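S.K.: I am sharing data.txt, which consists of compact mmCIF, C-alpha atoms:
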```
# COMPACT_ATOMS: atom_id res chain seq x y z
CA MET A 1113 0.00 0.00 0.00
CA PRO A 1114 1.41 3.42 -0.93
CA LEU A 1115 2.18 5.91 1.81
CA PRO A 1116 -0.30 8.71 2.48
CA ARG A 1117 0.81 12.01 1.00
CA TRP A 1118 1.33 13.55 4.45
CA MET A 1119 3.68 10.72 5.43
CA ARG A 1120 5.74 11.05 2.24
CA THR A 1121 6.00 14.79 2.92
CA ALA A 1122 7.05 14.14 6.53
CA LEU A 1123 9.70 11.67 5.39
CA LEU A 1124 11.08 14.10 2.81
CA ALA A 1125 11.14 16.93 5.34
CA THR A 1126 12.86 14.89 8.02
CA ALA A 1127 15.35 13.60 5.44
CA ALA A 1128 16.28 17.20 4.67
CA MET A 1129 16.43 18.02 8.38
CA ASN A 1130 18.72 15.06 9.07
CA VAL A 1131 21.02 15.84 6.16
CA ALA A 1132 21.32 19.43 7.43
CA ALA A 1133 21.96 18.15 10.96
CA VAL A 1134 24.97 16.17 9.73
CA GLY A 1135 26.85 19.47 9.57
CA VAL A 1136 25.98 20.18 13.18
CA PHE A 1137 27.47 16.93 14.38
CA LEU A 1138 30.58 16.84 12.21
CA PRO A 1139 33.77 17.76 14.08
CA VAL A 1140 33.89 21.11 12.22
CA GLY A 1141 30.35 21.93 13.40
CA ASP A 1142 31.43 23.36 16.76
CA PRO A 1143 30.07 26.87 16.02
CA LEU A 1144 26.68 25.39 15.04
CA ARG A 1145 26.57 23.19 18.14
CA ALA A 1146 27.39 26.21 20.31
CA TRP A 1147 24.67 28.27 18.62
CA LEU A 1148 22.14 25.48 19.22
CA GLY A 1149 23.20 25.09 22.84
CA LEU A 1150 24.74 21.66 22.36
CA PRO A 1151 28.02 20.74 24.02
CA GLY A 1152 30.98 21.34 21.75
CA GLU A 1153 33.75 19.37 23.37
CA ALA A 1154 33.87 15.80 22.14
CA HIS A 1155 36.41 13.63 20.40
CA PRO A 1156 36.09 13.93 16.61
CA LEU A 1157 35.49 10.17 16.35
CA TYR A 1158 32.34 10.43 18.47
CA LEU A 1159 31.10 13.44 16.55
CA ALA A 1160 31.74 11.75 13.20
CA THR A 1161 29.92 8.63 14.41
CA ILE A 1162 26.87 10.69 15.40
CA ALA A 1163 26.97 12.50 12.04
CA LEU A 1164 27.18 9.13 10.28
CA PHE A 1165 24.08 7.76 11.99
CA VAL A 1166 22.10 10.97 11.55
CA GLY A 1167 23.02 10.95 7.87
CA LEU A 1168 22.19 7.27 7.40
CA PHE A 1169 18.76 7.78 8.92
CA GLY A 1170 18.31 10.80 6.65
CA LEU A 1171 19.03 8.62 3.62
CA GLY A 1172 16.61 6.01 4.98
CA TYR A 1173 13.86 8.64 5.24
CA LEU A 1174 14.60 9.78 1.70
CA TRP A 1175 14.52 6.21 0.38
CA ALA A 1176 11.18 5.52 2.10
CA ALA A 1177 9.65 8.71 0.69
CA LEU A 1178 10.91 8.17 -2.85
CA SER A 1179 10.00 4.48 -2.94
CA ASP A 1180 6.54 5.34 -1.55
CA ARG A 1181 6.74 2.63 1.07
CA ALA A 1182 8.18 2.36 4.54
CA GLU A 1183 9.06 -0.65 6.60
CA ARG A 1184 7.24 -0.50 9.90
CA VAL A 1185 10.34 -1.53 11.84
CA PHE A 1186 12.29 1.38 10.34
CA ILE A 1187 9.55 3.87 11.20
CA ARG A 1188 9.34 2.43 14.74
CA MET A 1189 13.07 2.92 15.16
CA ALA A 1190 12.79 6.42 13.70
CA ALA A 1191 9.97 7.39 16.05
CA VAL A 1192 11.78 6.01 19.09
CA GLY A 1193 15.04 7.64 18.01
CA LYS A 1194 13.54 11.08 17.42
CA LEU A 1195 11.47 11.06 20.61
CA SER A 1196 14.40 9.72 22.64
CA PHE A 1197 16.67 12.48 21.32
CA VAL A 1198 14.11 15.08 22.41
CA ALA A 1199 13.78 13.37 25.81
CA LEU A 1200 17.57 13.43 26.26
CA LEU A 1201 17.72 17.13 25.47
CA VAL A 1202 14.83 17.93 27.81
CA GLY A 1203 16.44 15.83 30.53
CA PHE A 1204 19.82 17.54 30.20
CA TRP A 1205 18.13 20.96 30.06
CA SER A 1206 16.08 20.21 33.18
CA ALA A 1207 19.32 19.20 34.94
CA GLY A 1208 20.84 22.55 33.97
CA ALA A 1209 23.47 21.00 31.70
CA ILE A 1210 22.35 22.69 28.46
CA PRO A 1211 20.35 25.84 27.63
CA VAL A 1212 16.68 25.68 26.69
CA ARG A 1213 17.46 26.49 23.06
CA ALA A 1214 18.79 22.93 22.59
CA PRO A 1215 15.47 21.15 23.23
CA VAL A 1216 13.62 23.95 21.43
CA ALA A 1217 15.85 23.35 18.39
CA ALA A 1218 14.73 19.71 18.47
CA ALA A 1219 11.04 20.63 18.07
CA GLY A 1220 11.17 19.18 14.55
CA ASP A 1221 12.28 15.83 15.94
CA LEU A 1222 9.34 15.91 18.34
CA VAL A 1223 6.89 16.67 15.52
CA PHE A 1224 8.28 13.97 13.23
CA GLY A 1225 8.44 11.41 16.03
CA VAL A 1226 4.76 12.00 16.78
CA LEU A 1227 3.85 11.89 13.08
CA PHE A 1228 5.65 8.57 12.73
CA LEU A 1229 3.70 7.19 15.70
CA VAL A 1230 0.45 8.40 14.11
CA TRP A 1231 1.34 6.63 10.86
CA LEU A 1232 2.19 3.43 12.76
CA VAL A 1233 -1.20 3.45 14.50
CA GLN A 1234 -3.13 4.33 11.35
CA SER A 1235 -1.33 1.86 9.12
CA ARG A 1236 -1.82 -0.93 11.60
CA ALA A 1237 -5.56 -0.28 11.60
CA THR A 1238 -5.67 -0.59 7.79
CA ARG A 1239 -3.59 -3.77 7.48
```
Kindly transcribe the structure held in the file into structure tokens.
M.R.:
Amino acid sequence: MPLPRWMRTALLATAAMNVAAVGVFLPVGDPLRAWLGLPGEAHPLYLATIALFVGLFGLGYLWAALSDRAERVFIRMAAVGKLSFVALLVGFWSAGAIPVRAPVAAAGDLVFGVLFLVWLVQSRATR
């Protein structure tokens, strides 16, 4: 069954967001991380690994949108990943470790995580 138009749009938008976020997490992205309120001091290997995974998920979102189908397990992982990232930022902000602009900057992840959950519920009902 093809994806609903809103889900394809969400996948394309989050693919673009993830690809843009790769620059934030690359070792040279320290000024962007500082601007977003994210910690800047980390070994380049860890930053490159984060950028790799963010980029790979971005390509996965793009593939799902362009192929007009999404594997439920991938969308489950995406929803959990996006919502967990937001939860981590909120948790670190509430502990005073990062400024509020960091979780605010992740509002897109919150929106896409919820949209992915909505699609999972709706698509299960139509299977």
S.K.: Using only C-alpha atoms, which residues sit within 10 Å of Glu1153 of chain A once same-chain residues fewer than 6 positions away are excluded, as a compact mmCIF listing (two decimals) with C-alpha atoms, in the frame of the given file?
M.R.:
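Result saved to around-v5.txt:
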```txt
# COMPACT_ATOMS: atom_id res chain seq x y z
CA PRO A 1139 33.77 17.76 14.08
CA ASP A 1142 31.43 23.36 16.76
CA ARG A 1145 26.57 23.19 18.14
CA ALA A 1146 27.39 26.21 20.31
CA LEU A 1159 31.10 13.44 16.55
```
S.K.: Write out as a ChimeraX atom specification the residues lying within 8 Å of Leu1232 of chain A, counting all atoms listed in the file and excluding same-chain residues fewer than 6 positions away.
M.R.: /A:1184,1187-1188
S.K.: If we count all atoms listed in the file, what is near Val1226 of chain A at a cut-off of 12 Å, once residues fewer than 3 positions away on the same chain are taken out, given as a list in words?
M.R.: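 Skipping anything fewer than 3 positions along the chain leaves Met1119, Ala1122, Ile1187, Arg1188, Ala1190, Ala1191, Val1192, Gly1193, Lys1194, Leu1195, Ser1196, Val1198, Ala1219, Gly1220, Asp1221, Leu1222, Val1223, Leu1229, Val1230, Trp1231, Leu1232 and Val1233 of chain A.
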S.K.: Please identify all polymer residues lying at most 8 Å from the point (34.2, 16.0, 8.0) (file coordinates), using only C-alpha atoms, and present the result as a ChimeraX atom specification.
M.R.: /A:1138-1140,1160
S.K.: Please identify all polymer residues within 12 Å of Val1216 of chain A, counting only C-alpha atoms, omitting same-chain residues fewer than 5 positions from it, and present them as a PyMOL selection string.
M.R.: chain A and resi 1148-1150+1197-1199+1201-1202+1205+1210-1211+1221-1223
S.K.: Kindly give the distance, in Å, that separates atom CA of Ala1163 of chain A and atom CA of Phe1137 of chain A, rounded to a single decimal.
M.R.: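 Taking atom CA of Ala1163 of chain A and atom CA of Phe1137 of chain A, their separation equals 5.0 Å.
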S.K.: Quick one: pull the distance between atom CA of Ile1162 of chain A and atom CA of Val1134 of chain A, Å, one decimal.
M.R.: 8.1 Å
S.K.: What's around Met1113 of chain A at 9 Å? Count only C-alpha atoms, leave out sequence neighbours fewer than 2 positions away in its own chain, and write the answer as a tab-separated table (two decimals) with C-alpha atoms, in the frame of the given file.
M.R.:
```tsv
chain	number	residue	atom	x	y	z
A	1115	LEU	CA	2.18	5.91	1.81
A	1180	ASP	CA	6.54	5.34	-1.55
A	1181	ARG	CA	6.74	2.63	1.07
```
S.K.: Restricting the calculation to all atoms listed in the file, which member of A:Trp1175, A:Tyr1158, A:Phe1165, A:Phe1186 is positioned closest to Arg1120 of chain A?
M.R.: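 Under the stated criterion, the closest residue is A:Trp1175.
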S.K.: Using all atoms listed in the file, which of A:Ala1133, A:Ala1214, A:Leu1124, A:Leu1144 sits nearest Leu1174 of chain A?
M.R.: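 When distances to Leu1174 of chain A are compared using all atoms listed in the file, the smallest one comes from A:Leu1124.
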